[in-house]
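This report concerns only the one structure given below.
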Amino acid sequence: MTNRTRAVIVVHPNNPTGHFTKTDEISKLNQICANRGLAIIADEVFFDFALTQNPYISFASGNAALTFTMSGISKICGLPQMKAAWLIASGPQELKARALERLEIIADTYLSMNAPVQYALPTFLDQRREFQSQVISRVRTNLRELDRQLELQSVCTRLEVEAGWYVVLRIPATRSDEDLALLLLESKEVYTHPGHFYDFPNDGFLVLSLITPEEDFAAGIKLLLSMFDAQQ
């Protein structure tokens with residue numbers, strides 16, 4: 001942080017690691033930002049897709065620092081084409097009131113929502129639970145399959161994931177992640193993201209989608225892991 005810093009941006013849970021910001025971390029961050037007069041900008045689009053039973057709290061519950069918590073139906077309803085999102089402002093009353101005045105001008109000037117989506121929004125939100133249950137079921141199934149296949153070898157591992165629909169695979173750094181991702185796509189027709197897409201500082205990480213149909217996911221993991229058979 002420098003004297004030019006105005007806000008801290010947090011993705012909660014993180015994408016692609018799927019890690020929630022823990023309660024004590026949220027408390028500490030609120031304290032730091034309140035003391036320094038900084039805002040917190042929290043992206044919670046994956047908040048509804050928890051894979052564990054641990055209780056997690058939203059940044060919207062904080063009141064020490066000025067906080068903007070964001071979400072939308074792109075993820076929670078699986079409707080990115082509908083373009084509906086929202087922002088919750090919380091924190092000290094005076095700071096929040098001033099921020100809301102400015103946000104109202106910005107929203108009216110640049111971010112007006114079209115009328116059909118506004119009218120349909122209650123229905124979209126009512127239907128979100130069925131979509132979310134299907135996603136979480138598929139994610140858990142694919143995670144189990146990934147773990148089963150990882151147990152059959154000793155080269156690759158995965159990072160712990162608490163939420164969302166991605167998983168990070170740790171692989172031997174025998175080449176750049178991008179070269180491996182391109183090789184998988186060209187030779188195996190398996191599509192992954194190299195870790196540097198998400199600013200991983202070192203090679204040795206691939207990001208996989210857990211919402212791939214189960215049979216395709218299982219086949220893709222088998223093909224991916226076969227790239228490392230000779231190293232075992």
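Simple scheme: letters A, B, ... for chains in structure tokens order, numbers from 1 for residues in each chain, numbers from 1 for ligands in the order shown.
Close contacts of segment 189-203 of chain A, defined as residues with an atom at most 9 Å away when counting only C-alpha atoms, with chain neighbours fewer than 6 positions off set aside, comprise Asn15, Pro16, Val168, Ile171, Pro172, Ala173, Thr174, Arg175, Ser176, Asp177, Glu178, Asp179, Leu180, Ala181, Leu182, Leu183, Ser209, Gly220, Ile221, Leu223 and Leu224 of chain A.
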Exercise. Do a neighbour search on Thr212 of chain A at 9 Å with only C-alpha atoms, toss out local chain neighbours closer than 4 positions, and write the hits as a list in words.
Key: Arg138, Val139, Asn142, Asp216 and Phe217 of chain A
Generate a file of the selected residues that holds N, CA and C atoms, formatted as a PDB file, in the first residue's frame.
```
ATOM      1  N   ARG A 138     -22.425 -31.584 -10.317  1.00  0.00           N
ATOM      2  CA  ARG A 138     -21.453 -31.943 -11.352  1.00  0.00           C
ATOM      3  C   ARG A 138     -20.033 -31.653 -10.892  1.00  0.00           C
ATOM      4  N   VAL A 139     -19.838 -30.517 -10.239  1.00  0.00           N
ATOM      5  CA  VAL A 139     -18.507 -30.160  -9.751  1.00  0.00           C
ATOM      6  C   VAL A 139     -17.992 -31.205  -8.771  1.00  0.00           C
ATOM      7  N   ASN A 142     -17.088 -34.436 -10.614  1.00  0.00           N
ATOM      8  CA  ASN A 142     -15.829 -34.320 -11.354  1.00  0.00           C
ATOM      9  C   ASN A 142     -14.625 -34.240 -10.416  1.00  0.00           C
ATOM     10  N   ASP A 216     -16.986 -36.537 -20.389  1.00  0.00           N
ATOM     11  CA  ASP A 216     -15.935 -35.812 -21.095  1.00  0.00           C
ATOM     12  C   ASP A 216     -14.805 -35.447 -20.139  1.00  0.00           C
ATOM     13  N   PHE A 217     -15.164 -35.053 -18.925  1.00  0.00           N
ATOM     14  CA  PHE A 217     -14.145 -34.680 -17.943  1.00  0.00           C
ATOM     15  C   PHE A 217     -13.257 -35.867 -17.601  1.00  0.00           C
TER      16      PHE A 217
END
```
Practice problem: Write out as a ChimeraX atom specification all residues of segment 118-227 of chain A that DSSP puts in helix (DSSP H, G or I) for this structure's backbone. | Solution: /A:118-126,128-151,177-188,195-198,214-226
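Between Leu152 of chain A and the residues A:Met113, A:Leu184, A:Leu225, A:Ile106, the shortest atom-to-atom distance, using only C-alpha atoms, involves A:Leu225.
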Output as a Markdown table one row per residue of segment 74-112 of chain A within 9 Å of segment 44-51 of chain A: the closest atom pair and its distance in Å to one decimal place, counting only C-alpha atoms, sorted by chain and residue number ascending.
```
| residue | atom | partner | partner_atom | distance |
| --- | --- | --- | --- | --- |
| A:Ser74 | CA | A:Val45 | CA | 8.0 |
| A:Lys75 | CA | A:Val45 | CA | 5.9 |
| A:Ile76 | CA | A:Asp48 | CA | 6.6 |
```
Could you dump the residues just selected with all heavy atoms as a tab-separated table (two decimals), in the first residue's frame?
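What landed in again_14.tsv:
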```
chain	number	residue	atom	x	y	z
A	74	SER	N	-25.08	-13.59	-13.91
A	74	SER	CA	-24.19	-14.30	-14.84
A	74	SER	C	-23.76	-15.63	-14.26
A	74	SER	O	-23.84	-16.67	-14.93
A	74	SER	CB	-22.97	-13.44	-15.15
A	74	SER	OG	-22.02	-14.16	-15.91
A	75	LYS	N	-23.32	-15.62	-12.97
A	75	LYS	CA	-22.89	-16.85	-12.33
A	75	LYS	C	-23.99	-17.49	-11.50
A	75	LYS	O	-24.25	-18.68	-11.61
A	75	LYS	CB	-21.67	-16.56	-11.42
A	75	LYS	CG	-20.45	-16.06	-12.17
A	75	LYS	CD	-19.90	-17.10	-13.12
A	75	LYS	CE	-18.56	-16.68	-13.70
A	75	LYS	NZ	-18.61	-15.43	-14.49
A	76	ILE	N	-24.67	-16.72	-10.63
A	76	ILE	CA	-25.57	-17.37	-9.68
A	76	ILE	C	-26.80	-17.97	-10.36
A	76	ILE	O	-27.42	-18.87	-9.81
A	76	ILE	CB	-25.99	-16.42	-8.54
A	76	ILE	CG1	-26.96	-15.35	-9.03
A	76	ILE	CG2	-24.80	-15.78	-7.88
A	76	ILE	CD1	-27.60	-14.58	-7.88
```
Quiz item: Quick one: DSSP strand (DSSP E or B) residues in chain A, as a PyMOL selection string?
Solution: chain A and resi 7-11+39-43+50+67-72+85-90+157-158+163+166-170+193-194+205-209
Quiz item: How many Å lie between atom CA of Thr67 of chain A and atom CA of Ser90 of chain A, rounded to one decimal?
Solution: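 Atom CA of Thr67 of chain A sits 5.1 Å away from atom CA of Ser90 of chain A.
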Quiz item: Skipping near chain neighbours, those fewer than 6 positions away, what residues fall within 12 Å of Val11 of chain A using only C-alpha atoms, listed as a list in words?
Solution: Thr17, Gly18, His19, Phe20, Thr21, Ile26, Ile40, Ile41, Ala42, Asp43, Glu44, Val45, Phe46, Phe47, Ser58, Phe59, Phe68, Thr69, Met70, Ser71, Ala163 and Gly164 of chain A
Quiz prompt | Residue nearest Val8 of chain A - candidates A:Thr23, A:Asn35, A:Asn30, A:Gln132, atoms counted: only C-alpha atoms | solution = A:Asn30
Exercise. Could you check how far atom CA of Lys22 of chain A sits from atom CA of Ile9 of chain A, in Å to one decimal?
Key: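 Answer for the atom CA of Lys22 of chain A to atom CA of Ile9 of chain A separation: 15.2 Å.
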Exercise. Would you mind listing what lies within 10 Å of segment 118-125 of chain A as a PyMOL selection string, with only C-alpha atoms counted and same-chain residues fewer than 3 positions away left out?
Key: chain A and resi 72-73+76-79+82+84+113-115+128-129
Practice problem: Find, counting only C-alpha atoms, the residue in A:Ile57, A:Ala85, A:Val155, A:Ala64 that gets nearest to Ser226 of chain A. | Solution: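 Ranking A:Ile57, A:Ala85, A:Val155, A:Ala64 by distance to Ser226 of chain A, first place goes to A:Val155.
Note that the spacing between atom CA of Asn54 of chain A and atom CA of Lys28 of chain A amounts to 19.4 Å.
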